[in-house]
There are 2 protein chains.
Amino acid sequence: MSFSSQSSCLAISGGVGGAKLALGLAHMLEPGKLTITGNTGDDFVHLGFFISPDLDTVMYTLADLNNKDLGWGQEGESWNFLDAVKRMGGESWFRLGDRDIGTHVVRTQMLAAGKSLSEVTSHFCKQLAIKHRLVPMTDDPVATIVHTRAGEKLAFQHYFVRDECRPEVTGFVFSGIDEAKPAPGFIAALVDPTLAAVIICPSNPFVSVDPVLKVPGVMDALNSSKAAVIAVSPIVGGQALKGPAAKMMAELGMPQTALAVAEHYATQYPGQVHGFVLDEQDRGLRDEVESLGLSTIVTNTVMVTLQDRMDLAEAVLDFSSEIT
Amino acid sequence: MSFSSQSSCLAISGGVGGAKLALGLAHMLEPGKLTITGNTGDDFVHLGFFISPDLDTVMYTLADLNNKDLGWGQEGESWNFLDAVKRMGGESWFRLGDRDIGTHVVRTQMLAAGKSLSEVTSHFCKQLAIKHRLVPMTDDPVATIVHTRAGEKLAFQHYFVRDECRPEVTGFVFSGIDEAKPAPGFIAALVDPTLAAVIICPSNPFVSVDPVLKVPGVMDALNSSKAAVIAVSPIVGGQALKGPAAKMMAELGMPQTALAVAEHYATQYPGQVHGFVLDEQDRGLRDEVESLGLSTIVTNTVMVTLQDRMDLAEAVLDFSSEIT
């Protein structure tokens, strides 16, 4: 069964991995039928710039400006700013490319002038001729704090970039989340009566997806929606394709498997996640995932080419129609 | 008579033209014997950056990082930031190079953290291995405002860069100057008992030199000093070598001559400027300049090579010894 052209879809994405599926969905769906909500728990102010790494990764990916070699930042990037900062004795651990800074400077200016992060993101998408809606999870400040075995409480980018994910994690706190409201475009997508699929992209469950789903009001809206909620495993063959998800699972005492990801979603959001997408390599886990109460499909989730992204998007959308 | 190795020198500089002579002086004098004071009336906040164009030009020149083709900014500069800002719909009229932004970002951060502009400038000089003292005229906010025939009151960089000096000027106001104090390093140089020469570099008299000399306390300190005060004409053969000085003179109803520059200094600062340096091309103006009460020498003031800069520096220092 294929996804109805009358239905709309909401994708929830972190950075690189999520952006790949978001791009596939953007190729499969009309602009009015897709909203992509980006995690903003990783946002931070650095060198005076307001930086929103996940929104930028999705935005650059949708505009085909993303750096395919690095997996983050912009294509054709230069690094003269960072060299100069280093020479002038400034902080240079966060790799800011010369083009990338243009984004941060304009965003910082617009926020200082009273615009919301949603308005800034929408303005950027217009400038970059992105046709699909990209919205932050919230316009309010939420900061993912990484708690470590050594007793530190690290701002996410300090953990992720400066300390290169070396500290052993014990848990995460989303500071400010209790006071946060879903961004207008996020809530609009959630309450849209045509919403048929909510796709949790293959992003880090703990630091990319959980912050989005834990914004107050999101679960209630999902509850009231008829949409099928489907998660795509970011763990394939026991490894994270990108980022520290697998390392975090080990440190949190979880098996490093797609099954453990499914368990995480099933226990954190009981009854709210209906479907799970396993990679071919994890076909053997299918029965166990289904025993958690999740409908499951097995397909190729390793997205190398654009066609891979589109194929996975199509498979996930079709899957959502079957669940609904 | 040559300049004593026991004596110290204070140079007052705007941007490009002044920086050339400042570099010549830096080659002729021991680090402890030269202070360069930069105009900060052109400073402004743009895209959230605190930008100090004259201090940066002198600093880059002394560090041999200056762009010799453009005459401003850094050598080997790239422009990806500006392209990105344009793409994102931000203001792009002020040409900020990727390397240059490193300076502005670190400065903005340090100022926000409570450092003074003097402390930031001194930190930068240390980072760039500049041995001579470079100091702002003041750590307080002073803004040169250009009044125009059309009745506008333009912030200097709007006049100079955005409007490319097209508006006809009627005068200048240095907003904030009455409350400003000379920067600590500037006043220290002025009251130094070994101060033997104050060199007014060949910079724009109206918008580069006047703001520095009009900081409250500067004239009193000069009055109490035994130093010879010598101005080098920025007008050669009726033209400004760089910038809008000649155009401004015409608009202000002054002849576009080195003599008119000498008259400006003699009337604005009566008895305070003792010597004037004319270019060979303006040899014919010598008697008239001397009749203003200014000792005068004629030499090559058009600095093309480093040797030209050093030769002019030597000639001016020797001249100061003769006046003292």
# chains A, B, ... in the order shown; residues from 1 in each chain; ligands from 1

$ closest_atom_pairs --of "chain A" --to "chain B" --cutoff "6 Å" --atoms "only C-alpha atoms" --output "CSV"
residue,atom,partner,partner_atom,distance
A:Asn80,CA,B:Arg99,CA,5.1
A:Phe81,CA,B:Arg99,CA,4.6
A:Ala84,CA,B:Gly102,CA,4.9
A:Val85,CA,B:Gly102,CA,4.5
A:Met88,CA,B:Gln127,CA,5.7
A:Gly90,CA,B:Val106,CA,5.8
A:Asp98,CA,B:Phe81,CA,4.9
A:Arg99,CA,B:Phe81,CA,4.6
A:Gly102,CA,B:Val85,CA,4.5
A:Val106,CA,B:Gly90,CA,5.8
A:Phe124,CA,B:Met88,CA,6.0
A:Gln127,CA,B:Met88,CA,5.7

$ residues_around --residues "Lys68 in chain A" --least-positions-apart "5" --cutoff "12 Å" --atoms "only C-alpha atoms" --output "PyMOL selection string"
chain A and resi 16+20+57+60-61+73-77+304-306

$ write_last_selection --atoms "C-alpha atoms" --output "compact mmCIF listing (two decimals), in the first residue's frame"
# COMPACT_ATOMS: atom_id res chain seq x y z
CA VAL A 16 23.68 13.80 9.52
CA LYS A 20 19.75 11.71 4.86
CA THR A 57 22.81 20.08 8.76
CA TYR A 60 22.39 22.39 4.04
CA THR A 61 21.39 18.85 3.06
CA GLY A 73 29.22 21.89 7.29
CA GLN A 74 29.16 23.20 3.74
CA GLU A 75 30.64 21.96 0.50
CA GLY A 76 33.65 23.91 -0.78
CA GLU A 77 34.25 25.25 2.69
CA VAL A 304 24.92 5.81 0.46
CA THR A 305 23.32 7.20 -2.69
CA LEU A 306 20.42 9.57 -3.20

$ select_by_dssp --residues "range 145-311 of chain B" --states "helix (DSSP H, G or I)" --output "PyMOL selection string"
chain B and resi 156-162+177-179+184-191+205-213+218-224+245-251+258-268+280-290+306-311

$ residues_around --residues "Phe186 in chain B" --least-positions-apart "6" --cutoff "7 Å" --atoms "only C-alpha atoms" --output "PyMOL selection string"
chain B and resi 37+135+137

$ atom_distance --atom1 "CA of Glu168 in chain A" --atom2 "CA of Asp282 in chain A"
26.5 Å

$ residues_around --residues "Arg283 in chain B" --least-positions-apart "5" --cutoff "9 Å" --atoms "only C-alpha atoms" --output "NGL selection string"
:B and (278 or 297-299)

$ residues_around --residues "Glu30 in chain B" --least-positions-apart "5" --cutoff "9 Å" --atoms "only C-alpha atoms" --output "MDAnalysis selection string"
chainID B and resid 5 131:132

$ closest_residue --among "A:Gln256, A:Thr40, A:Ser321, A:Thr148" --to "Ser118 in chain A" --atoms "only C-alpha atoms"
A:Thr40

$ residues_around --residues "Leu222 in chain A" --least-positions-apart "6" --cutoff "12 Å" --atoms "only C-alpha atoms" --output "count of residues only"
27

$ decode --residues "range 74-218 of chain A" --atoms "C-alpha atoms" --output "mmCIF file, in the first residue's frame"
data_model
loop_
_atom_site.group_PDB
_atom_site.id
_atom_site.type_symbol
_atom_site.label_atom_id
_atom_site.label_comp_id
_atom_site.auth_asym_id
_atom_site.auth_seq_id
_atom_site.Cartn_x
_atom_site.Cartn_y
_atom_site.Cartn_z
ATOM 1 C CA GLN A 74 29.159 23.200 3.745
ATOM 2 C CA GLU A 75 30.635 21.964 0.496
ATOM 3 C CA GLY A 76 33.652 23.906 -0.784
ATOM 4 C CA GLU A 77 34.250 25.252 2.687
ATOM 5 C CA SER A 78 37.395 27.231 3.602
ATOM 6 C CA TRP A 79 38.924 27.619 7.038
ATOM 7 C CA ASN A 80 40.639 31.000 7.046
ATOM 8 C CA PHE A 81 38.445 32.368 9.819
ATOM 9 C CA LEU A 82 39.423 29.559 12.145
ATOM 10 C CA ASP A 83 43.122 30.002 11.350
ATOM 11 C CA ALA A 84 42.809 33.701 12.134
ATOM 12 C CA VAL A 85 40.985 33.050 15.409
ATOM 13 C CA LYS A 86 43.747 30.648 16.406
ATOM 14 C CA ARG A 87 46.398 33.212 15.511
ATOM 15 C CA MET A 88 44.563 35.840 17.571
ATOM 16 C CA GLY A 89 44.426 33.544 20.586
ATOM 17 C CA GLY A 90 40.703 32.738 20.415
ATOM 18 C CA GLU A 91 38.870 29.435 20.946
ATOM 19 C CA SER A 92 39.223 27.216 17.910
ATOM 20 C CA TRP A 93 38.024 23.774 19.014
ATOM 21 C CA PHE A 94 34.670 24.128 17.255
ATOM 22 C CA ARG A 95 35.296 23.825 13.510
ATOM 23 C CA LEU A 96 33.520 26.796 11.982
ATOM 24 C CA GLY A 97 33.972 27.128 8.239
ATOM 25 C CA ASP A 98 34.058 30.524 6.544
ATOM 26 C CA ARG A 99 30.754 29.943 4.716
ATOM 27 C CA ASP A 100 29.104 28.385 7.740
ATOM 28 C CA ILE A 101 29.769 31.528 9.770
ATOM 29 C CA GLY A 102 27.582 33.500 7.372
ATOM 30 C CA THR A 103 24.650 31.396 8.586
ATOM 31 C CA HIS A 104 25.504 31.897 12.248
ATOM 32 C CA VAL A 105 26.075 35.636 11.929
ATOM 33 C CA VAL A 106 22.791 36.295 10.134
ATOM 34 C CA ARG A 107 20.930 34.029 12.585
ATOM 35 C CA THR A 108 22.500 35.735 15.600
ATOM 36 C CA GLN A 109 21.588 39.159 14.176
ATOM 37 C CA MET A 110 17.991 38.177 13.477
ATOM 38 C CA LEU A 111 17.526 36.626 16.920
ATOM 39 C CA ALA A 112 19.003 39.753 18.515
ATOM 40 C CA ALA A 113 16.477 41.781 16.505
ATOM 41 C CA GLY A 114 13.660 39.796 18.121
ATOM 42 C CA LYS A 115 12.931 37.169 15.464
ATOM 43 C CA SER A 116 12.203 33.633 16.648
ATOM 44 C CA LEU A 117 14.341 30.664 15.649
ATOM 45 C CA SER A 118 11.361 29.479 13.580
ATOM 46 C CA GLU A 119 11.288 32.779 11.686
ATOM 47 C CA VAL A 120 15.031 32.688 11.113
ATOM 48 C CA THR A 121 14.878 29.084 9.880
ATOM 49 C CA SER A 122 11.995 29.871 7.558
ATOM 50 C CA HIS A 123 13.866 32.922 6.200
ATOM 51 C CA PHE A 124 16.959 30.783 5.554
ATOM 52 C CA CYS A 125 14.922 28.111 3.772
ATOM 53 C CA LYS A 126 13.430 30.792 1.523
ATOM 54 C CA GLN A 127 16.894 32.194 0.768
ATOM 55 C CA LEU A 128 18.130 28.703 -0.087
ATOM 56 C CA ALA A 129 15.033 27.869 -2.157
ATOM 57 C CA ILE A 130 14.133 24.955 0.133
ATOM 58 C CA LYS A 131 10.526 24.128 -0.623
ATOM 59 C CA HIS A 132 9.756 21.863 2.333
ATOM 60 C CA ARG A 133 9.060 23.146 5.828
ATOM 61 C CA LEU A 134 11.964 22.874 8.257
ATOM 62 C CA VAL A 135 11.111 23.882 11.820
ATOM 63 C CA PRO A 136 12.941 23.780 15.141
ATOM 64 C CA MET A 137 11.435 21.595 17.856
ATOM 65 C CA THR A 138 10.979 24.764 19.933
ATOM 66 C CA ASP A 139 11.775 28.479 19.839
ATOM 67 C CA ASP A 140 12.602 28.333 23.539
ATOM 68 C CA PRO A 141 16.082 27.643 24.892
ATOM 69 C CA VAL A 142 16.694 23.961 25.583
ATOM 70 C CA ALA A 143 20.206 22.662 26.217
ATOM 71 C CA THR A 144 21.228 19.021 26.251
ATOM 72 C CA ILE A 145 23.559 18.454 29.192
ATOM 73 C CA VAL A 146 25.699 15.322 29.207
ATOM 74 C CA HIS A 147 26.332 13.793 32.621
ATOM 75 C CA THR A 148 29.548 11.820 32.803
ATOM 76 C CA ARG A 149 31.024 9.071 34.947
ATOM 77 C CA ALA A 150 33.647 11.570 36.125
ATOM 78 C CA GLY A 151 30.820 13.702 37.533
ATOM 79 C CA GLU A 152 30.996 16.426 34.906
ATOM 80 C CA LYS A 153 27.944 18.096 33.422
ATOM 81 C CA LEU A 154 28.961 19.014 29.903
ATOM 82 C CA ALA A 155 27.181 21.234 27.418
ATOM 83 C CA PHE A 156 26.539 18.984 24.446
ATOM 84 C CA GLN A 157 29.027 20.517 22.018
ATOM 85 C CA HIS A 158 31.736 20.440 24.673
ATOM 86 C CA TYR A 159 31.114 16.715 25.023
ATOM 87 C CA PHE A 160 30.623 16.088 21.311
ATOM 88 C CA VAL A 161 33.202 18.277 19.595
ATOM 89 C CA ARG A 162 35.652 19.618 22.148
ATOM 90 C CA ASP A 163 36.009 16.355 24.077
ATOM 91 C CA GLU A 164 35.328 14.186 21.005
ATOM 92 C CA CYS A 165 32.776 12.035 22.899
ATOM 93 C CA ARG A 166 35.540 10.623 25.098
ATOM 94 C CA PRO A 167 33.836 11.084 28.499
ATOM 95 C CA GLU A 168 31.821 8.084 29.643
ATOM 96 C CA VAL A 169 28.168 9.133 29.823
ATOM 97 C CA THR A 170 25.713 8.280 32.588
ATOM 98 C CA GLY A 171 22.688 10.215 31.376
ATOM 99 C CA PHE A 172 21.303 13.347 29.771
ATOM 100 C CA VAL A 173 19.318 16.338 30.998
ATOM 101 C CA PHE A 174 17.453 18.664 28.673
ATOM 102 C CA SER A 175 17.802 21.900 30.538
ATOM 103 C CA GLY A 176 14.869 24.270 30.033
ATOM 104 C CA ILE A 177 12.640 21.672 28.418
ATOM 105 C CA ASP A 178 9.892 21.926 31.079
ATOM 106 C CA GLU A 179 9.331 25.578 30.108
ATOM 107 C CA ALA A 180 9.595 24.961 26.357
ATOM 108 C CA LYS A 181 6.694 24.962 23.925
ATOM 109 C CA PRO A 182 6.751 23.172 20.583
ATOM 110 C CA ALA A 183 7.541 25.622 17.769
ATOM 111 C CA PRO A 184 4.402 26.806 15.908
ATOM 112 C CA GLY A 185 5.248 24.824 12.768
ATOM 113 C CA PHE A 186 5.936 21.678 14.799
ATOM 114 C CA ILE A 187 2.616 21.797 16.630
ATOM 115 C CA ALA A 188 0.804 22.687 13.397
ATOM 116 C CA ALA A 189 2.191 19.536 11.778
ATOM 117 C CA LEU A 190 1.257 17.426 14.819
ATOM 118 C CA VAL A 191 -2.365 18.569 14.891
ATOM 119 C CA ASP A 192 -2.812 18.542 11.109
ATOM 120 C CA PRO A 193 -5.795 16.173 10.514
ATOM 121 C CA THR A 194 -4.067 14.854 7.372
ATOM 122 C CA LEU A 195 -1.013 13.746 9.361
ATOM 123 C CA ALA A 196 -0.549 10.067 8.547
ATOM 124 C CA ALA A 197 3.087 9.374 9.346
ATOM 125 C CA VAL A 198 5.532 10.550 11.953
ATOM 126 C CA ILE A 199 8.984 9.340 10.967
ATOM 127 C CA ILE A 200 11.654 9.223 13.643
ATOM 128 C CA CYS A 201 14.736 9.408 11.446
ATOM 129 C CA PRO A 202 17.831 7.287 12.135
ATOM 130 C CA SER A 203 19.264 9.789 14.591
ATOM 131 C CA ASN A 204 20.718 9.376 18.061
ATOM 132 C CA PRO A 205 17.777 8.318 20.289
ATOM 133 C CA PHE A 206 19.202 9.899 23.445
ATOM 134 C CA VAL A 207 20.437 13.295 22.318
ATOM 135 C CA SER A 208 18.684 13.913 18.986
ATOM 136 C CA VAL A 209 15.241 12.301 19.193
ATOM 137 C CA ASP A 210 14.421 12.320 22.925
ATOM 138 C CA PRO A 211 14.730 16.120 23.246
ATOM 139 C CA VAL A 212 12.227 16.582 20.408
ATOM 140 C CA LEU A 213 9.723 14.064 21.764
ATOM 141 C CA LYS A 214 10.043 15.359 25.326
ATOM 142 C CA VAL A 215 9.010 18.931 24.535
ATOM 143 C CA PRO A 216 5.833 19.362 26.624
ATOM 144 C CA GLY A 217 2.711 18.877 24.535
ATOM 145 C CA VAL A 218 4.289 16.706 21.850
#
